[in-house]
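Asker: Provided herewith is a single structure, encoded as structure tokens, for subsequent inquiry.
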Amino acid sequence: MAAQTSPKFQGWLGKSPEAVDGKMEWGEYEPKKWTEDDVDIEISHCGICGSDLHVLRSGWGPTPYPCVVGHEIVGRAVRVGENVKHIKVGDRVGVGAQARTCQQSSCPDCSNGMEPYCHNEVVNTYGSIYPNGEGKSYGGYADYNRTNGHWVFRIPDALDSASAAPMLCGGITVYSPLRQYGCGPGKTIGIVGVGGLGHFGILFAKALGADKVVGISRKSDKREDALKLGADEYIATDEDRDWAARHARTLDLVICTVSNEKMPLDGYLSLLKAKGTFIQVGVPDGGNLPPINAFTLIPNGIKVGGSATGAPWEIREMLQLAADKNIKPWIQERPLKEANQAVIDMAEGKARYRFVLVNENFGKH
């Protein structure tokens, strides 16, 4: 049975692009209008994602301030709509980067397990305006979150909340293309960028059974970390002489997590075997990537594509794999009350490799 009362929604509000400089303000806000398809969650943990910084500073387009960011949410269901059958009050649950899609049987995306690519309606967990005057979406740097039940997931008992939270965006963003493009036995995989997303890429590529995983970053300072995470080899593109030539045509699949329009893209593409695949998941401010020469693509028969996050079935599958394989992301817990400083530290590249905000008020409301 659905709970009858609505909680008080308070969180860290970004009110201008300067919020990314540690100037979010704690305050109350009005969540989207309640429907019987929704779930209210008391938040215990929320990962800090690079997307949070982009949106706080309006890097991916104008942000509808005020905005509460955070889309790696774990907590406890405290109110469950009558139409939601897979969640009950008291369940430990999580929410990732999407809050709703059209979910219509006539939608070629939603009806085929590709909800993140819905062309009719995609409401993100924060910074989106719901249709029909339902309000605005607010994220997880807060005490509570309200999200459509289709995008609320039970967390397996074997996963602790702090580890599960960053999987809901950072993890699924790399798990989905690894899964979709054939990572597994017999394959060699490159992960560009050993950071919040990239460290998940190494963990999941190994868990999926890849024969060889290569971590790729600019500097050698992450080499030991990459190897400890499970990488078999490491390339430092700013330091390893002739790296592109020495490692040419050695990888079946490359997942690129880097958000930099000046990255050495031609070099990355040269690492692919004939008919190999390069998938971009990092999104720079403005969305620009380096140009690609046709003579890089055609003689090698390689494919270049992109990938969003993941569909609900993929998220559930990823969480279960993480539970079964005892996958432990490298996280650093930070108090929710220190969210401003944590965002500054994230922007300065201090996370190794994911900050997770812990709500000191959880269970005390």
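Chain labels run A, B, ... following the order of the structure tokens; each chain numbers its residues from 1, and ligands are numbered from 1 in the order shown.
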Can I get the residues of segment 150-209 of chain A within 12 Å of segment 110-115 of chain A, each with the closest pair of atoms and their distance in Å to one decimal, using only C-alpha atoms, sorted chain first then ascending number, as a tab-separated table?

Answerer:
residue	atom	partner	partner_atom	distance
A:His150	CA	A:Glu115	CA	10.3
A:Trp151	CA	A:Glu115	CA	10.0
A:Ser176	CA	A:Met114	CA	10.7
A:Gln180	CA	A:Met114	CA	11.4

Asker: Store the residues picked out above in a file with N, CA, C and O atoms, as a tab-separated table (two decimals), in the first residue's frame.

Answerer:
chain	number	residue	atom	x	y	z
A	150	HIS	N	9.48	3.08	-13.01
A	150	HIS	CA	10.16	2.28	-14.04
A	150	HIS	C	11.67	2.43	-13.95
A	150	HIS	O	12.41	1.54	-14.38
A	151	TRP	N	12.12	3.56	-13.38
A	151	TRP	CA	13.54	3.87	-13.30
A	151	TRP	C	14.07	3.77	-11.87
A	151	TRP	O	15.12	4.33	-11.55
A	176	SER	N	27.04	-0.76	-20.43
A	176	SER	CA	26.13	-0.92	-21.57
A	176	SER	C	26.88	-1.11	-22.88
A	176	SER	O	26.63	-2.08	-23.61
A	180	GLN	N	26.94	-4.41	-25.13
A	180	GLN	CA	26.32	-4.33	-26.46
A	180	GLN	C	27.30	-4.64	-27.58
A	180	GLN	O	26.89	-5.15	-28.64

Asker: Just want the 10 Å neighbourhood of Gln10 of chain A, counted on only C-alpha atoms, with same-chain residues fewer than 4 positions away dropped. Output as a CSV table (one decimal) with C-alpha atoms, in the first residue's frame.

Answerer:
chain,number,residue,atom,x,y,z
A,26,TRP,CA,20.9,24.4,0.8
A,27,GLY,CA,17.2,25.0,0.5
A,28,GLU,CA,13.7,23.7,0.1
A,29,TYR,CA,12.1,23.0,-3.3
A,30,GLU,CA,8.9,21.6,-4.9
A,31,PRO,CA,9.4,18.2,-6.6
A,68,VAL,CA,19.7,20.0,-7.6
A,138,TYR,CA,15.6,17.4,-9.0
A,141,TYR,CA,22.3,16.1,-3.5
A,142,ALA,CA,19.3,16.1,-1.2
A,143,ASP,CA,17.3,14.4,1.5
A,144,TYR,CA,14.6,13.0,-0.9
A,145,ASN,CA,14.1,12.2,-4.6

Asker: Rank nothing, just name the residue among A:Asp38, A:Glu360, A:Glu314, A:Asp240 nearest to Gly149 of chain A, using only C-alpha atoms.

Answerer: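 Smallest separation from Gly149 of chain A among the options: A:Asp38.
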
Asker: Can you list, as a ChimeraX atom specification, all residues belonging to segment 103-332 of chain A that DSSP tags as strand (DSSP E)?

Answerer: /A:122-124,144-148,152-154,188-192,212-217,233-236,251-256,272-280,303-306,331-332

Asker: Please write the residues from the selection above to a file, keeping N, CA and C atoms, as a compact mmCIF listing (two decimals), in the first residue's frame.

Answerer:
# COMPACT_ATOMS: atom_id res chain seq x y z
N VAL A 122 12.31 12.07 -22.94
CA VAL A 122 13.34 11.66 -22.01
C VAL A 122 13.44 12.73 -20.92
N VAL A 123 13.11 12.35 -19.70
CA VAL A 123 13.25 13.24 -18.55
C VAL A 123 14.45 12.76 -17.75
N ASN A 124 15.45 13.61 -17.62
CA ASN A 124 16.62 13.24 -16.84
C ASN A 124 16.32 13.39 -15.34
N TYR A 144 15.62 13.84 -0.25
CA TYR A 144 14.64 12.98 -0.90
C TYR A 144 14.69 13.16 -2.41
N ASN A 145 14.22 12.12 -3.12
CA ASN A 145 14.09 12.17 -4.57
C ASN A 145 12.75 11.54 -4.96
N ARG A 146 12.15 12.08 -6.01
CA ARG A 146 10.90 11.53 -6.55
C ARG A 146 11.13 11.17 -8.02
N THR A 147 10.92 9.89 -8.36
CA THR A 147 11.20 9.39 -9.70
C THR A 147 10.15 8.37 -10.11
N ASN A 148 9.88 8.31 -11.42
CA ASN A 148 8.98 7.30 -11.96
C ASN A 148 9.48 5.90 -11.63
N VAL A 152 13.34 3.06 -11.03
CA VAL A 152 13.78 2.82 -9.65
C VAL A 152 14.11 1.33 -9.52
N PHE A 153 15.29 1.04 -8.99
CA PHE A 153 15.81 -0.32 -9.00
C PHE A 153 16.12 -0.81 -7.59
N ARG A 154 15.74 -2.04 -7.32
CA ARG A 154 16.13 -2.65 -6.04
C ARG A 154 17.62 -2.94 -6.08
N THR A 188 39.87 -8.24 -26.90
CA THR A 188 40.80 -7.31 -26.27
C THR A 188 40.14 -5.93 -26.23
N ILE A 189 40.17 -5.30 -25.06
CA ILE A 189 39.38 -4.09 -24.81
C ILE A 189 40.31 -2.96 -24.36
N GLY A 190 40.11 -1.77 -24.92
CA GLY A 190 40.80 -0.58 -24.46
C GLY A 190 39.85 0.36 -23.76
N ILE A 191 40.28 0.90 -22.63
CA ILE A 191 39.49 1.88 -21.89
C ILE A 191 40.29 3.18 -21.85
N VAL A 192 39.77 4.21 -22.52
CA VAL A 192 40.46 5.50 -22.57
C VAL A 192 39.95 6.37 -21.43
N LYS A 212 41.95 -9.54 -22.59
CA LYS A 212 42.96 -8.52 -22.28
C LYS A 212 42.28 -7.17 -22.18
N VAL A 213 42.64 -6.39 -21.14
CA VAL A 213 42.10 -5.05 -20.95
C VAL A 213 43.29 -4.08 -20.85
N VAL A 214 43.23 -3.02 -21.64
CA VAL A 214 44.31 -2.03 -21.67
C VAL A 214 43.76 -0.69 -21.17
N GLY A 215 44.34 -0.16 -20.11
CA GLY A 215 44.02 1.18 -19.64
C GLY A 215 44.82 2.20 -20.41
N ILE A 216 44.17 3.30 -20.81
CA ILE A 216 44.82 4.32 -21.63
C ILE A 216 44.55 5.68 -21.01
N SER A 217 45.61 6.40 -20.68
CA SER A 217 45.47 7.74 -20.11
C SER A 217 46.65 8.58 -20.56
N GLU A 233 47.50 -4.16 -19.21
CA GLU A 233 48.51 -3.29 -19.81
C GLU A 233 48.05 -1.84 -19.67
N TYR A 234 48.98 -0.92 -19.83
CA TYR A 234 48.66 0.50 -19.66
C TYR A 234 49.46 1.31 -20.68
N ILE A 235 48.79 2.29 -21.29
CA ILE A 235 49.43 3.20 -22.23
C ILE A 235 49.29 4.62 -21.72
N ALA A 236 50.43 5.32 -21.60
CA ALA A 236 50.44 6.74 -21.23
C ALA A 236 50.73 7.54 -22.49
N LEU A 251 43.38 -3.94 -30.60
CA LEU A 251 42.17 -3.95 -29.78
C LEU A 251 40.92 -4.18 -30.62
N ASP A 252 39.99 -4.95 -30.08
CA ASP A 252 38.71 -5.17 -30.75
C ASP A 252 37.72 -4.04 -30.48
N LEU A 253 37.77 -3.51 -29.28
CA LEU A 253 36.79 -2.51 -28.85
C LEU A 253 37.48 -1.49 -27.96
N VAL A 254 37.22 -0.21 -28.21
CA VAL A 254 37.72 0.87 -27.36
C VAL A 254 36.52 1.66 -26.85
N ILE A 255 36.44 1.83 -25.53
CA ILE A 255 35.45 2.70 -24.91
C ILE A 255 36.18 3.95 -24.44
N CYS A 256 35.76 5.10 -24.93
CA CYS A 256 36.43 6.36 -24.60
C CYS A 256 35.59 7.18 -23.63
N LEU A 272 42.65 0.08 -33.08
CA LEU A 272 41.64 -0.92 -33.39
C LEU A 272 42.11 -1.90 -34.46
N LYS A 273 41.75 -3.16 -34.26
CA LYS A 273 41.92 -4.16 -35.30
C LYS A 273 40.98 -3.84 -36.46
N ALA A 274 41.20 -4.48 -37.59
CA ALA A 274 40.26 -4.35 -38.70
C ALA A 274 38.86 -4.73 -38.24
N LYS A 275 37.89 -3.91 -38.60
CA LYS A 275 36.49 -4.07 -38.23
C LYS A 275 36.25 -3.82 -36.73
N GLY A 276 37.21 -3.20 -36.05
CA GLY A 276 37.04 -2.87 -34.64
C GLY A 276 36.05 -1.74 -34.43
N THR A 277 35.72 -1.49 -33.16
CA THR A 277 34.68 -0.52 -32.81
C THR A 277 35.19 0.44 -31.75
N PHE A 278 34.94 1.72 -31.96
CA PHE A 278 35.28 2.78 -31.01
C PHE A 278 33.97 3.42 -30.56
N ILE A 279 33.74 3.45 -29.24
CA ILE A 279 32.50 4.01 -28.70
C ILE A 279 32.84 5.16 -27.75
N GLN A 280 32.28 6.33 -28.05
CA GLN A 280 32.49 7.52 -27.23
C GLN A 280 31.38 7.64 -26.20
N LYS A 303 34.50 1.12 -37.01
CA LYS A 303 33.23 1.78 -36.73
C LYS A 303 33.41 2.72 -35.54
N VAL A 304 32.78 3.90 -35.64
CA VAL A 304 32.82 4.89 -34.56
C VAL A 304 31.39 5.19 -34.16
N GLY A 305 31.10 5.13 -32.88
CA GLY A 305 29.74 5.38 -32.42
C GLY A 305 29.72 5.98 -31.04
N GLY A 306 28.52 6.13 -30.51
CA GLY A 306 28.34 6.67 -29.17
C GLY A 306 27.38 5.81 -28.38
N ILE A 331 36.02 4.19 -4.23
CA ILE A 331 35.22 5.35 -3.85
C ILE A 331 35.82 6.03 -2.63
N GLN A 332 35.45 7.30 -2.48
CA GLN A 332 35.78 8.08 -1.28
C GLN A 332 34.48 8.71 -0.79

Asker: Nearest residue to Gly90 of chain A out of A:Asp211, A:Asp324, A:Asp40, A:Asp285, using only C-alpha atoms?

Answerer: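 Among the listed residues, the smallest separation from Gly90 of chain A belongs to A:Asp40.
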
Asker: Using only C-alpha atoms, find the one residue out of A:Ile315, A:Ala339, A:Leu357, A:Val194 that sits nearest to Ala19 of chain A.

Answerer: A:Ala339

Asker: Just the residues within 7 Å of Pro290 of chain A, please, counting only C-alpha atoms, with nothing from its chain fewer than 5 positions along; format it as number ranges by chain.

Answerer: A: 261-262, 265

Asker: Take the residues just selected and output them with N, CA and C atoms as an mmCIF file, in the first residue's frame.

Answerer:
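That gives us part33.cif:
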data_model
loop_
_atom_site.group_PDB
_atom_site.id
_atom_site.type_symbol
_atom_site.label_atom_id
_atom_site.label_comp_id
_atom_site.auth_asym_id
_atom_site.auth_seq_id
_atom_site.Cartn_x
_atom_site.Cartn_y
_atom_site.Cartn_z
ATOM 1 N N GLU A 261 37.897 17.791 -26.338
ATOM 2 C CA GLU A 261 37.871 17.886 -27.799
ATOM 3 C C GLU A 261 39.265 17.921 -28.415
ATOM 4 N N LYS A 262 40.310 17.944 -27.593
ATOM 5 C CA LYS A 262 41.682 17.942 -28.104
ATOM 6 C C LYS A 262 42.377 16.590 -27.907
ATOM 7 N N LEU A 265 42.423 11.560 -31.019
ATOM 8 C CA LEU A 265 41.436 10.588 -31.477
ATOM 9 C C LEU A 265 41.986 9.681 -32.573
#

Asker: Of the residues A:Glu36, A:Glu134, A:Asp157, A:Asp109, which is the one nearest to Asp91 of chain A, using only C-alpha atoms?

Answerer: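 Checking each candidate against Asp91 of chain A, we get A:Asp157 as the closest.
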
Asker: Which neighbours of Gly96 of chain A fall inside 7 Å, counting only C-alpha atoms, when residues of the same chain fewer than 3 positions from it are skipped, and could you give them as a list in words?

Answerer: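 Close residues of Gly96 of chain A: His71, Glu72, Ile73, Leu168 and Cys169 of chain A.
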
Asker: Mind checking DSSP for segment 53-119 of chain A and telling me the helix (DSSP H, G or I) residues as a list in words?

Answerer: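 Secondary structure check on segment 53-119 of chain A, helix (DSSP H, G or I): Leu53, His54, Val55, Leu56, Cys110, Ser111, Asn112, Glu115, Pro116 and Tyr117 of chain A.
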
Asker: Here is a test: counting only C-alpha atoms, which residue of A:Glu82, A:Glu317, A:Asp221, A:Glu333 is nearest to Ile172 of chain A?

Answerer: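 Ranking A:Glu82, A:Glu317, A:Asp221, A:Glu333 by distance to Ile172 of chain A, first place goes to A:Glu317.
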
Asker: Name the closest residue to Ser270 of chain A among the candidates A:Ala244, A:Ser58, A:Leu203, A:Val258; distances are taken between atoms, counting only C-alpha atoms.

Answerer: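 Checking each of A:Ala244, A:Ser58, A:Leu203, A:Val258 against Ser270 of chain A, counting only C-alpha atoms, the winner is A:Ala244.
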
Asker: Can you tell me which residues surround Val74 of chain A at a distance of at most 6 Å, considering only C-alpha atoms, apart from same-chain residues fewer than 2 positions away, and format the answer as a PyMOL selection string?

Answerer: chain A and resi 43-45+93-94+165
